[in-house]
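Novice: The following file, model-v1.tsv, comprises TSV, C-alpha atoms:
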chain	number	residue	atom	x	y	z
X	100	MET	CA	8.78	195.42	51.15
X	101	ASP	CA	5.54	193.67	51.26
X	102	GLU	CA	5.75	193.10	47.57
X	103	ASN	CA	9.17	191.56	47.88
X	104	LYS	CA	7.96	189.27	50.61
X	105	GLU	CA	4.99	188.18	48.51
X	106	LEU	CA	7.24	187.51	45.52
X	107	HIS	CA	9.62	185.60	47.71
X	108	ASP	CA	6.75	183.54	49.20
X	109	GLU	CA	5.40	182.83	45.72
X	110	ASN	CA	8.83	181.68	44.50
X	111	LEU	CA	9.17	179.56	47.60
X	112	ASN	CA	5.78	177.94	47.02
X	113	THR	CA	6.59	177.28	43.36
X	114	THR	CA	9.93	175.76	44.33
X	115	GLU	CA	8.26	173.57	46.97
X	116	GLN	CA	5.68	172.35	44.42
X	117	GLU	CA	8.41	171.52	41.91
X	118	THR	CA	10.34	169.66	44.59
X	119	GLN	CA	7.25	167.65	45.52
X	120	GLN	CA	6.61	166.80	41.86
X	121	ASN	CA	10.24	165.71	41.40
X	122	GLU	CA	10.03	163.50	44.49
X	123	GLU	CA	6.80	161.91	43.21
X	124	THR	CA	8.41	161.27	39.82
X	125	LYS	CA	11.45	159.73	41.51
X	126	SER	CA	9.28	157.47	43.66
X	127	GLU	CA	7.31	156.39	40.56
X	128	ASN	CA	10.56	155.59	38.74
X	129	VAL	CA	11.79	153.53	41.68
X	130	THR	CA	8.67	151.39	41.75
X	131	LYS	CA	8.79	150.82	37.96
X	132	GLN	CA	12.31	149.37	38.00
X	133	PRO	CA	12.31	145.55	38.11
X	134	THR	CA	13.77	143.77	41.06
X	135	ALA	CA	16.85	141.58	40.88
X	136	GLU	CA	14.70	138.42	41.00
X	137	GLU	CA	12.58	139.64	38.09
X	138	LEU	CA	15.69	140.45	36.08
X	139	LEU	CA	17.14	137.02	36.86
X	140	ALA	CA	13.90	135.27	35.86
X	141	GLU	CA	13.77	137.26	32.63
X	142	GLU	CA	17.38	136.41	31.75
X	143	LYS	CA	16.83	132.76	32.65
X	144	ASP	CA	13.77	132.64	30.35
X	145	ARG	CA	15.79	134.20	27.52
X	146	TYR	CA	18.57	131.67	28.09
X	147	ILE	CA	16.19	128.71	28.04
X	148	ARG	CA	14.53	129.94	24.85
X	149	LEU	CA	17.87	130.53	23.17
X	150	TYR	CA	19.10	127.08	24.20
X	151	ALA	CA	15.93	125.42	22.85
X	152	GLU	CA	16.26	127.36	19.60
X	153	PHE	CA	19.88	126.24	19.25
X	154	GLU	CA	18.96	122.59	19.91
X	155	ASN	CA	16.27	122.79	17.20
X	156	TYR	CA	18.82	124.32	14.83
X	157	LYS	CA	21.27	121.47	15.49
X	158	LYS	CA	18.58	118.83	14.87
X	159	ARG	CA	17.45	120.55	11.68
X	160	THR	CA	20.98	120.82	10.27
X	161	VAL	CA	21.77	117.17	11.08
X	162	LYS	CA	18.57	116.13	9.30
X	163	GLU	CA	19.41	118.31	6.27
X	164	LYS	CA	22.92	116.86	6.08
X	165	MET	CA	21.58	113.31	6.19
X	166	GLU	CA	19.04	114.06	3.46
X	167	PHE	CA	21.72	115.71	1.35
X	168	ALA	CA	24.00	112.68	1.69
X	169	GLN	CA	21.12	110.33	0.93
X	170	TYR	CA	19.98	112.13	-2.22
X	171	ALA	CA	23.27	113.64	-3.41
X	172	ASN	CA	23.64	111.11	-6.22
X	173	THR	CA	20.10	111.52	-7.60
X	174	GLU	CA	21.24	112.99	-10.92
X	175	MET	CA	23.79	110.22	-11.38
X	176	MET	CA	21.12	107.59	-10.69
X	177	ILE	CA	18.75	109.19	-13.20
X	178	SER	CA	21.46	109.06	-15.87
X	179	MET	CA	22.14	105.38	-15.04
X	180	LEU	CA	18.47	104.53	-15.64
X	181	ALA	CA	19.02	104.98	-19.39
X	182	VAL	CA	21.82	102.38	-19.26
X	183	LEU	CA	19.57	100.04	-17.25
X	184	ASP	CA	16.82	100.43	-19.87
X	185	ASP	CA	19.31	99.67	-22.65
X	186	PHE	CA	20.34	96.47	-20.87
X	187	GLU	CA	16.69	95.39	-20.62
X	188	ARG	CA	16.15	96.04	-24.35
X	189	ALA	CA	19.35	94.18	-25.24
X	190	ILE	CA	18.27	91.15	-23.20
X	191	LYS	CA	14.89	91.08	-25.00
X	192	GLU	CA	16.54	91.28	-28.44
X	193	ILE	CA	19.21	88.67	-27.67
X	194	ALA	CA	16.50	86.36	-26.28
X	195	LYS	CA	14.73	86.60	-29.67
X	196	SER	CA	17.87	85.64	-31.61
X	197	GLY	CA	18.44	82.61	-29.38
X	198	ASN	CA	22.19	82.85	-28.64
X	199	GLU	CA	22.31	81.43	-25.07
X	200	ALA	CA	25.97	82.28	-24.27
X	201	ASP	CA	25.50	85.95	-25.20
X	202	LEU	CA	22.23	86.10	-23.29
X	203	LYS	CA	23.77	84.68	-20.10
X	204	GLY	CA	26.72	87.10	-20.30
X	205	ILE	CA	24.50	90.14	-20.77
X	206	GLU	CA	22.11	88.99	-18.01
X	207	LEU	CA	25.05	88.54	-15.65
X	208	ILE	CA	26.31	92.08	-16.27
X	209	TYR	CA	22.75	93.41	-16.06
X	210	GLN	CA	22.12	91.75	-12.68
X	211	LYS	CA	25.43	92.98	-11.28
X	212	PHE	CA	24.70	96.54	-12.45
X	213	LYS	CA	21.16	96.39	-11.06
X	214	ASN	CA	22.40	95.06	-7.69
X	215	LYS	CA	25.00	97.83	-7.38
X	216	LEU	CA	22.31	100.45	-8.00
X	217	ALA	CA	20.03	98.73	-5.47
X	218	GLU	CA	22.83	98.90	-2.87
X	219	LYS	CA	22.80	102.68	-3.30
X	220	GLY	CA	19.03	102.85	-2.65
X	221	LEU	CA	17.51	102.45	-6.13
X	222	LYS	CA	14.42	100.26	-6.34
X	223	PRO	CA	11.84	99.78	-9.08
X	224	VAL	CA	8.25	100.91	-8.62
X	225	GLU	CA	6.14	97.76	-8.74
X	226	VAL	CA	3.40	98.16	-11.34
X	227	ASN	CA	1.25	95.44	-12.91
X	228	ALA	CA	-1.58	95.49	-15.40
X	229	GLY	CA	-4.86	95.85	-13.52
X	230	ASP	CA	-3.43	98.02	-10.71
X	231	ASN	CA	-5.15	101.28	-9.83
X	232	PHE	CA	-3.64	104.39	-11.42
X	233	ASN	CA	-1.79	106.48	-8.81
X	234	VAL	CA	-0.41	109.89	-9.83
X	235	ASP	CA	2.23	109.66	-7.07
X	236	PHE	CA	3.95	106.75	-8.86
X	237	HIS	CA	2.57	106.56	-12.39
X	238	GLU	CA	2.54	108.77	-15.47
X	239	ALA	CA	-0.24	108.04	-17.96
X	240	ILE	CA	1.15	108.51	-21.45
X	241	THR	CA	-2.03	107.47	-23.23
X	242	GLN	CA	-5.50	106.02	-22.75
X	243	ILE	CA	-7.06	103.23	-24.75
X	244	PRO	CA	-10.50	101.66	-24.65
X	245	ALA	CA	-10.48	99.20	-21.77
X	246	PRO	CA	-10.31	95.56	-22.95
X	247	SER	CA	-12.73	94.64	-20.14
X	248	GLU	CA	-15.05	96.49	-17.77
X	249	ASP	CA	-12.85	95.86	-14.72
X	250	LEU	CA	-9.86	97.68	-16.35
X	251	LYS	CA	-11.65	101.03	-16.72
X	252	GLY	CA	-9.55	103.69	-14.98
X	253	LYS	CA	-6.85	101.13	-14.24
X	254	ILE	CA	-3.47	100.34	-15.73
X	255	VAL	CA	-3.66	98.29	-18.92
X	256	ASP	CA	0.04	98.17	-19.86
X	257	VAL	CA	3.42	99.31	-18.47
X	258	ILE	CA	5.61	101.04	-21.08
X	259	GLU	CA	8.59	102.04	-18.89
X	260	THR	CA	9.52	101.00	-15.37
X	261	GLY	CA	9.54	103.68	-12.70
X	262	TYR	CA	12.21	103.94	-10.01
X	263	GLN	CA	12.57	105.30	-6.48
X	264	LEU	CA	15.73	106.44	-4.75
X	265	HIS	CA	15.16	105.52	-1.11
X	266	ASP	CA	11.61	106.89	-0.68
X	267	ARG	CA	11.51	109.51	-3.47
X	268	VAL	CA	10.29	108.78	-6.96
X	269	ILE	CA	13.02	109.77	-9.43
X	270	ARG	CA	11.24	108.42	-12.51
X	271	PHE	CA	7.53	107.74	-12.77
X	272	ALA	CA	6.36	104.50	-14.32
X	273	LYS	CA	4.97	105.25	-17.80
X	274	VAL	CA	1.68	103.41	-18.20
X	275	VAL	CA	-1.31	103.06	-20.48
X	276	THR	CA	-4.69	103.35	-18.79
X	277	GLY	CA	-8.09	102.10	-19.86
X	278	ASN	CA	-11.12	104.32	-20.27
So that I can check it, write out the structure of this file as structure tokens.

Specialist:
Amino acid sequence: MDENKELHDENLNTTEQETQQNEETKSENVTKQPTAEELLAEEKDRYIRLYAEFENYKKRTVKEKMEFAQYANTEMMISMLAVLDDFERAIKEIAKSGNEADLKGIELIYQKFKNKLAEKGLKPVEVNAGDNFNVDFHEAITQIPAPSEDLKGKIVDVIETGYQLHDRVIRFAKVVTGN
């Protein structure tokens, strides 16, 4: 019987140890769970971040829509530049022949066409001989020996006018530079 009692005492001790370990684990789990205030603060932080992210998204999409509307007709404007160039060439040729009535008629149509394009945001890039060469606005198609020392590295002649649509260059001014 002694053996049975010892086995029973051992089982009882083992069971008591397991119970104590389970209670310790439960108490550790209780302390690790966040309180209601912590949960509320965490959810509030998530909400504020999500709201800020959504506001940034709205601002970004409004900006993208405005840019799209502003530059939607870029390809059409580029194709109209060829017509504008043809008008300029026609005016030069008619001015050589000397027919004043034809010249005035063509100039009138040219100015009206140019004004309509300007209303839509098209403006020429101002370039003059002697200006500094700027790769953001100019395209050097060739270099020639500079006629004077002060024209070295500068624009000597303008071959084709450049244009901007609002603030973007849609055609670079083609220039000749001096070296």

Novice: Set the distance at 7 Å and use all atoms listed in the file: which residues neighbour region 183-194 of chain X once local chain neighbours fewer than 4 positions away are removed? I'd like the list as a list in words.

Specialist: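 Once the nearby chain positions are removed, what remains is Met179, Asn198, Leu202, Ile205, Glu206 and Tyr209 of chain X.
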
Novice: By how many Å are CA of Tyr156 (chain X) and CA of Ala168 (chain X) apart?

Specialist: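 Distance between the two atoms: 18.3 Å.
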
Novice: Wanna dump the region 132-196 of chain X-region 248-269 of chain X contacts at 9 Å for me, each residue with its shortest atom pair and the distance in Å to one decimal, counting all atoms listed in the file, ordered by chain and number, as CSV?

Specialist:
residue,atom,partner,partner_atom,distance
X:Gln169,CA,X:His265,CA,7.9
X:Tyr170,CA,X:Leu264,CA,7.5
X:Thr173,CA,X:Leu264,CA,7.3
X:Glu174,CA,X:Ile269,CA,9.0
X:Met176,CA,X:Leu264,CA,8.1
X:Ile177,CA,X:Ile269,CA,6.9
X:Leu180,CA,X:Tyr262,CA,8.4
X:Asp184,CA,X:Glu259,CA,8.4

Novice: Please write the residues from the selection above to a file, keeping C-alpha atoms, as a PDB file, in the coordinates of the input.

Specialist:
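Heads up, here's the output in out-v5.pdb:
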ATOM      1  CA  GLN X 169      21.120 110.330   0.930  1.00  0.00           C
ATOM      2  CA  TYR X 170      19.980 112.130  -2.220  1.00  0.00           C
ATOM      3  CA  THR X 173      20.100 111.520  -7.600  1.00  0.00           C
ATOM      4  CA  GLU X 174      21.240 112.990 -10.920  1.00  0.00           C
ATOM      5  CA  MET X 176      21.120 107.590 -10.690  1.00  0.00           C
ATOM      6  CA  ILE X 177      18.750 109.190 -13.200  1.00  0.00           C
ATOM      7  CA  LEU X 180      18.470 104.530 -15.640  1.00  0.00           C
ATOM      8  CA  ASP X 184      16.820 100.430 -19.870  1.00  0.00           C
TER       9      ASP X 184
END

Novice: Which residue, X:Ser178, X:Asn172, X:Asn214, X:Thr160, has the smallest gap to Arg270 (chain X) when you use all atoms listed in the file?

Specialist: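 Nearest candidate to Arg270 (chain X) out of X:Ser178, X:Asn172, X:Asn214, X:Thr160: X:Ser178.
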
Novice: With distances taken over only C-alpha atoms, which of X:Leu216, X:Val274, X:Ile147, X:Met165 is nearest to His237 (chain X)?

Specialist: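 Smallest separation from His237 (chain X) among the options: X:Val274.
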
Novice: Figure out the distance between CA of Val224 (chain X) and CA of Glu238 (chain X), please, to one decimal in Å.

Specialist: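 Between CA of Glu238 (chain X) and CA of Val224 (chain X) the gap works out to 11.9 Å.
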